[in-house]
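Participant: There's a structure below that I have some questions on.
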Amino acid sequence: MLAKELTLNTLEDTIEDPEAIDLWSLVNVMHQDYDGFLQLFEKAVDLGFYPYPAFRRDPILVRHDNTEFQHILEKAKRKHNAFKERNF
């Protein structure tokens, strides 16, 4: 394993904030690690970061259309809508 990969993996394992995890998922996209992106993107949504309207406008995210990504995006939409119903 390259030192750069070791550093990225170690840093990834220490992030706890869901918004930071979402941002870290985009680092995976820049490194063309789409499996890592999907894993972290779903983790961010599961931990409570689901600004669905922002996800729909994000120029990096709108390029992804595979089934797994769409499943995660739909989960974010459900969580976002449930939050709005409870709080607004």
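Residues in the structure tokens are named by chain (A, B, ... in the order shown) and by number from 1 within that chain; ligands are numbered from 1 in the order shown.
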Could you name the residues that touch Pro18 (chain A) at 7 Å or less, counting only C-alpha atoms, but leaving out those on the same chain fewer than 6 positions away, as number ranges by chain?
Facilitator: A: 44, 47-49
Participant: Tell me, which residues of chain A carry DSSP alpha helix (DSSP H), written as number ranges by chain?
Facilitator: A: 3-14, 18-30, 34-46, 52-57, 67-87
Participant: Set out as a tab-separated table a contact list for region 10-56 of chain A and region 66-80 of chain A with a cut-off of 7 Å, giving each residue of region 10-56 of chain A that qualifies its closest atom pair and distance in Å to one decimal, counting only C-alpha atoms, ordered by chain and rising residue number.
Facilitator:
```
residue	atom	partner	partner_atom	distance
A:Leu38	CA	A:Phe69	CA	6.6
A:Glu42	CA	A:Ile72	CA	5.9
A:Val45	CA	A:Ala76	CA	6.0
A:Tyr50	CA	A:Ala76	CA	4.9
A:Pro51	CA	A:His80	CA	6.3
A:Tyr52	CA	A:Lys77	CA	5.3
```
Participant: Tell me, in Å to one decimal, how far CA of Ala20 (chain A) is from CA of Phe88 (chain A).
Facilitator: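 Spanning CA of Ala20 (chain A) to CA of Phe88 (chain A) is a straight-line distance of 25.6 Å.
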Participant: What does the structure give for the distance between CA of Leu23 (chain A) and CA of Pro59 (chain A), in Å to one decimal?
Facilitator: 13.4 Å
Participant: Quick one: everything within 12 Å of Leu40 (chain A), counting only C-alpha atoms, minus sequence neighbours fewer than 5 positions away in the same chain. Send it as a list in words.
Facilitator: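 The contact residues come out as Asn9, Glu12, Asp13, Ile15, Glu16, Asp17, Pro18, Glu19, Ala20, Ile21, Asp22, Leu23, Trp24, Ser25, Leu26, Val27, Asn28, Val29, Asp33, Tyr34, Asp35, Val45, Asp46, Leu47, Phe49, Phe69 and Ile72 of chain A.
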Participant: Take the residues from that selection and write them out as a tab-separated table (two decimals), in the first residue's frame, keeping C-alpha atoms.
Facilitator:
```tsv
chain	number	residue	atom	x	y	z
A	9	ASN	CA	-7.56	5.18	4.69
A	12	GLU	CA	-11.22	8.07	6.53
A	13	ASP	CA	-11.48	5.78	9.57
A	15	ILE	CA	-13.93	10.95	10.61
A	16	GLU	CA	-17.14	10.86	12.64
A	17	ASP	CA	-19.12	13.89	11.45
A	18	PRO	CA	-21.61	12.88	8.71
A	19	GLU	CA	-21.11	16.07	6.72
A	20	ALA	CA	-17.34	15.56	6.77
A	21	ILE	CA	-17.88	11.95	5.71
A	22	ASP	CA	-19.91	13.22	2.75
A	23	LEU	CA	-17.11	15.59	1.78
A	24	TRP	CA	-14.62	12.75	2.16
A	25	SER	CA	-16.74	10.65	-0.19
A	26	LEU	CA	-16.09	13.27	-2.86
A	27	VAL	CA	-12.34	12.83	-2.34
A	28	ASN	CA	-12.90	9.22	-3.34
A	29	VAL	CA	-14.60	10.38	-6.54
A	33	ASP	CA	-12.64	5.16	-6.19
A	34	TYR	CA	-16.37	4.85	-6.88
A	35	ASP	CA	-16.88	1.96	-4.48
A	45	VAL	CA	-26.76	9.60	4.83
A	46	ASP	CA	-27.20	6.85	7.43
A	47	LEU	CA	-25.52	8.99	10.10
A	49	PHE	CA	-26.53	14.04	6.57
A	69	PHE	CA	-26.24	5.44	-6.05
A	72	ILE	CA	-28.78	5.89	-1.55
```
Participant: Rounded to one decimal, what separation in Å do you get between CA of Met30 (chain A) and CA of Leu61 (chain A)?
Facilitator: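 These two atoms are separated by 11.8 Å.
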